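Q: Have a look at this one.
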Amino acid sequence: MAENKKETGKNDAGKEAVLPPKSEFSEWFNSIIDIGQIMDVRYPVKGLYVWYPFGFGIRKRVYNIIRDVMDNSGHEETLFPLLIPETEFMKEADHIKGFEDEVFWVTHGGVTPLDVRLALRPTSETAIYPMYQLWIRSHADLPLKLYQVVNTFRHETKHTRPLIRLREITSFKEAHTVHATWDDAKNQVDEAVGLYTDIYRQLSVPVLISKRPDWDKFPGGDYTIALDTIMPDGKTLQIGTVHHLGTNFAKTYDITYENAEGEQEYANQTCYGISERSIAALISVHGDDKGLVLPPAVAPIQVVVIPVLFKDTTEAVMKACNDVVESLRKTGLRVEMDASDMRPGAKYYKWELKGSCLRIEIGPRDLEKNSAVLVRRDKGEKQFVSLDGIAETVGAELKQMADDLYTTAEEKMNAMIVPCETVEEVVAQIGKGVATLPWCGCEECGMKIEEETNGSILGTPNLETEIKKGKCPGCGKEADQTVYIAKMY
RNA sequence: GGGGCUGUAGGGUAGCUUGGUCCAUCCUGCAAGGCUGGGGGUCUUGCGACCUGAGUUCAAAUCUCAGCAGCCCCA
C-alpha cells in the first residue's frame, strides 16, 4: 500500500528511499559512491576502499583518456617500485618535511627487523630520481618525459573519504620530466597545464588554474600550478598539480648532464599528477538528484535499450530491440538491453542512477510508427525518433550531450565565482563558492586573510585575466595580484 | 591536533533511558512462484543482524572499559 510506504519510506513521494537530494551534497556524495556502485566503503581499514567493477569501468575509461593524452605528447609510460629505501627518501630535506608525518613504513621482513626501513611511496620522486641519475648522461638524453599510474600511500589524519582523501591513492598518474634549462622546464609546466586542461575538457569538467602561494607549493619544488574545480557545495577540489622542481632534486640526487660545451650541468625537472579525484570531480560536477550523469566518453553503458513488453507483442518488440542494439554496437557504442522483468519505470530509475547517457524505449505503440522513444540523461525529455538511421541519431545526441555537459558545468562554475574587495565580502561568499580578492603577495597578509575569512588562498590565476586594481585587505597597500579564495577539500 | 556523536541482516531502521516481554521490529534488498507490464506494481513463501574483546550481573542488543570502524563540528 502507498500509505505504508509513506510511513516507513524516507521520502514523501512514497518512492523507494535511495538518494538524498544533491543539495545535501555530502550525503549525496556518500550515497552515490555506494548505490551508484562506484566503490565499496566497507573495507575494514580506514581510508582504503574497494572499486566495484562498475566504478572501475569509469576509472578505466578516464585513465584511457589520460594515457592517450600523455602518450600523444611525447611521454612514455613506465613503472617504478612501491618501496623506497629510507636512505633515498631522506635525502631531500624540504621534501621529507612535507611528507614525513604521513609515510607508512615497512619495518620488518617476516619477523626480522629491516636494516633499512622501506617507505610505501607517498609520491615517487625519491624512487625515480636515483635512477634518473644513472640514466641521464648528456643533453641528448633530454628532455626525458616519463609517467606512471600507480597506487601511493599517505597516512591521512583528517577524515578520509572515498576518491577524495584516501590513505591509499589507487590511481595516481604522475609524470616526471627532466630538461636542460629552467626555461625548458617552465615550458613543460605550461604544456602539462594545457594537457590537464584538455583531459578535463574531455571529461566535461571545467577547471580553475592558479599558481599556489609559496607556503602551499610542493615540498622541494620551485613553484606549483594547480587545477581546481568547484564542487556543488562551493568548496574547491584540487584535481591536478604541476610542479616546477628547478634543480633542487637534481642537486640532491646528482642528476647532471653534459652540455654541448662538454660541461656537466644540473638538470631542471618537473613533475605533475592527477589522481582519482578526477573521478570525484566528474561525478560531483555532473550528477543530479537522480544519480550519476556521465560524459559519453567514460560512461560504462552509453545507451540502454528498454523493451516495453506486453504479452501479445513480446516477440516483435524484442526483435526490434535486438536489431537496435546490434546496429548501435556496430558503431562501437557500449549498449545494453534491459530485458529483466522489472517494470519499465523501475528500469528508467535504475539506469538514470547508473548514468547511462541515452535511453531508448521501444514498445508496441512505437513499433506501429517505426519509431522509438529517446531520452537523454542530462535533459530528461522524451523525443520520438525513427528506427531508420537510429545509429546516426544516437551518435549525434551523444556528441551534443558531451558539449552540453561542459557548457552547463562551466556556466555553473562561473556563477560560483564572485569578485570581492573586502574581507567581509569574502566571508559572505566563502561556503557558497570561490571569491577573488586583491592581495599584495606577502605571506603575512596571506595568513591574515586566510584566518579572517576562514578560507584558503588557492593562488593567483595563471592564465592572464584582467588584473583588477585594488587594495590588499591585509596591509592596505595597492595589490599587484588577484587571488582565488575558497574552502578547500 | 581538539571536541561531540554513532555502531542491530546487503542498505536503512525499532528496541537501549528503566538489563529479563527479543531464538530481536518494520521498510528495502535477495531467492522462488502467481497475476502483471509505456515512470519506482502486487500477492504468497523463503533468506538474512545485535562491530570485536574484556568486565559487571542469576541474566547484556541494552550498563562499564578498551580496541576497531564510521559521521559531524572546531583549529
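Ordering of the C-alpha cells sets the chain letters (A, B, ...); residue numbers start at 1 within each chain; ligands are numbered from 1 in the order shown.
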Provide as a PDB file with C-alpha atoms (C1' of nucleotides), in the first residue's frame the residues of chain B at most 12 Å from chain A, counting only C-alpha atoms (C1' of nucleotides).

A:
```pdb
ATOM      1  C1'   G B   1      45.638  18.448  16.537  1.00  0.00           C
ATOM      2  C1'   G B  10      23.456  -6.427   1.751  1.00  0.00           C
ATOM      3  C1'   G B  11      21.268  -0.987   2.756  1.00  0.00           C
ATOM      4  C1'   G B  12      18.026   1.906   6.183  1.00  0.00           C
ATOM      5  C1'   U B  13      15.755   1.274  10.994  1.00  0.00           C
ATOM      6  C1'   A B  14      12.647  -0.186  16.071  1.00  0.00           C
ATOM      7  C1'   C B  26       9.440  -2.694  10.151  1.00  0.00           C
ATOM      8  C1'   C B  27      10.972  -0.954   5.137  1.00  0.00           C
ATOM      9  C1'   U B  28      14.197  -2.147   1.335  1.00  0.00           C
ATOM     10  C1'   G B  29      17.209  -5.970  -0.809  1.00  0.00           C
ATOM     11  C1'   U B  36       1.201  -8.170 -14.341  1.00  0.00           C
ATOM     12  C1'   G B  37       3.941  -4.646 -17.534  1.00  0.00           C
ATOM     13  C1'   G B  38       4.502   2.985 -21.533  1.00  0.00           C
ATOM     14  C1'   G B  39       7.897   6.390 -14.733  1.00  0.00           C
ATOM     15  C1'   G B  40       9.859   3.019  -8.600  1.00  0.00           C
ATOM     16  C1'   G B  41       3.045  -2.719  -9.491  1.00  0.00           C
ATOM     17  C1'   U B  42       1.081  -6.505  -6.347  1.00  0.00           C
ATOM     18  C1'   C B  43       0.256 -11.207  -3.627  1.00  0.00           C
ATOM     19  C1'   C B  51      31.214  -4.341  15.479  1.00  0.00           C
ATOM     20  C1'   C B  68      38.381  -1.164  15.594  1.00  0.00           C
ATOM     21  C1'   A B  69      35.229   1.406  12.178  1.00  0.00           C
ATOM     22  C1'   G B  70      32.141   5.481  10.713  1.00  0.00           C
ATOM     23  C1'   C B  71      29.778  10.501  10.975  1.00  0.00           C
ATOM     24  C1'   C B  72      29.710  15.794  12.487  1.00  0.00           C
ATOM     25  C1'   C B  74      36.255  23.397  15.521  1.00  0.00           C
ATOM     26  C1'   A B  75      41.786  24.542  14.555  1.00  0.00           C
TER      27        A B  75
END
```

Q: List the spatial neighbours of A:Met488 as a VMD selection string - criterion: any atom at most 8 Å away, only C-alpha atoms (C1' of nucleotides), same-chain residues fewer than 4 positions off excluded.

A: chain A and resid 235 to 238 455 to 456

Q: Go through A:Ala409, A:Met90, A:Val423, A:Ile417 one by one, measure the shortest atom-to-atom distance of each to A:Leu118 using only C-alpha atoms, and give the residue with the smallest value.

A: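 Nearest to A:Leu118: A:Met90.
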
Q: Quick check for you: according to DSSP on this backbone, which residues of stretch 138-255 of chain A are classed as alpha helix (DSSP H)? Reply as a PyMOL selection string.

A: chain A and resi 182-202+248-253

Q: Grab the atom CA of A:Trp51 to atom CA of A:Trp351 distance for me, in Å with one decimal place.

A: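 A separation of 19.4 Å between them.
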
Q: Just how far from atom CA of A:Pro206 is atom CA of A:Thr407, in Å to one decimal?

A: 8.7 Å

Q: Tell me which of A:Ala250, A:Ile136, A:Cys475, A:Ile239 sits closest to A:Gly221, counting only C-alpha atoms.

A: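 Of all the options, A:Ala250 lies closest to A:Gly221.
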
Q: Of the candidates B:C73, B:C16, B:A49, B:C35, which shows the shortest atom-to-atom distance to B:G2, using only C-alpha atoms (C1' of nucleotides)?

A: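 Using only C-alpha atoms (C1' of nucleotides), the shortest distance to B:G2 belongs to B:C73.
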
Q: Using atom CA of A:Gln264 and atom CA of A:Ala180 as the two end points, give the distance in Å to one decimal.

A: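 Separating atom CA of A:Gln264 from atom CA of A:Ala180 is a distance of 10.8 Å.
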
Q: So that I can check the surroundings of stretch 183-187 of chain A, please list as a VMD selection string every protein, DNA and RNA residue that reaches within 9 Å of it, counting only C-alpha atoms (C1' of nucleotides) and ignoring chain neighbours fewer than 3 positions away.

A: chain A and resid 143 177 to 180 190 to 192 244 to 246 268 to 270

Q: Can you write just those residues out, C-alpha atoms, as a PDB file, in the first residue's frame?

A:
```pdb
ATOM      1  CA  PRO A 143      64.117  16.056 -22.425  1.00  0.00           C
ATOM      2  CA  THR A 177      60.327  15.149 -16.704  1.00  0.00           C
ATOM      3  CA  VAL A 178      63.916  16.274 -16.987  1.00  0.00           C
ATOM      4  CA  HIS A 179      65.149  19.241 -19.004  1.00  0.00           C
ATOM      5  CA  ALA A 180      68.343  21.112 -19.741  1.00  0.00           C
ATOM      6  CA  ASP A 190      52.895  25.179 -19.190  1.00  0.00           C
ATOM      7  CA  GLU A 191      52.445  22.247 -21.547  1.00  0.00           C
ATOM      8  CA  ALA A 192      51.360  20.000 -18.684  1.00  0.00           C
ATOM      9  CA  HIS A 244      58.498  23.128 -11.339  1.00  0.00           C
ATOM     10  CA  LEU A 245      61.287  21.490  -9.366  1.00  0.00           C
ATOM     11  CA  GLY A 246      64.130  23.618 -10.656  1.00  0.00           C
ATOM     12  CA  ASN A 268      65.913  21.001 -14.364  1.00  0.00           C
ATOM     13  CA  GLN A 269      62.912  18.908 -13.524  1.00  0.00           C
ATOM     14  CA  THR A 270      59.149  18.972 -13.338  1.00  0.00           C
TER      15      THR A 270
END
```

Q: For A:Pro162, which of A:Trp439, A:Phe384, A:Tyr257, A:Tyr49 is the closest residue, counting only C-alpha atoms?

A: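 Result for the nearest residue to A:Pro162: A:Tyr49.
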
Q: Using only C-alpha atoms, pick whichever of A:Thr126, A:Thr241, A:Thr408, A:Gln383 has the shortest atom-to-atom distance to A:Glu92.

A: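 The answer is A:Thr126, which sits nearest to A:Glu92.
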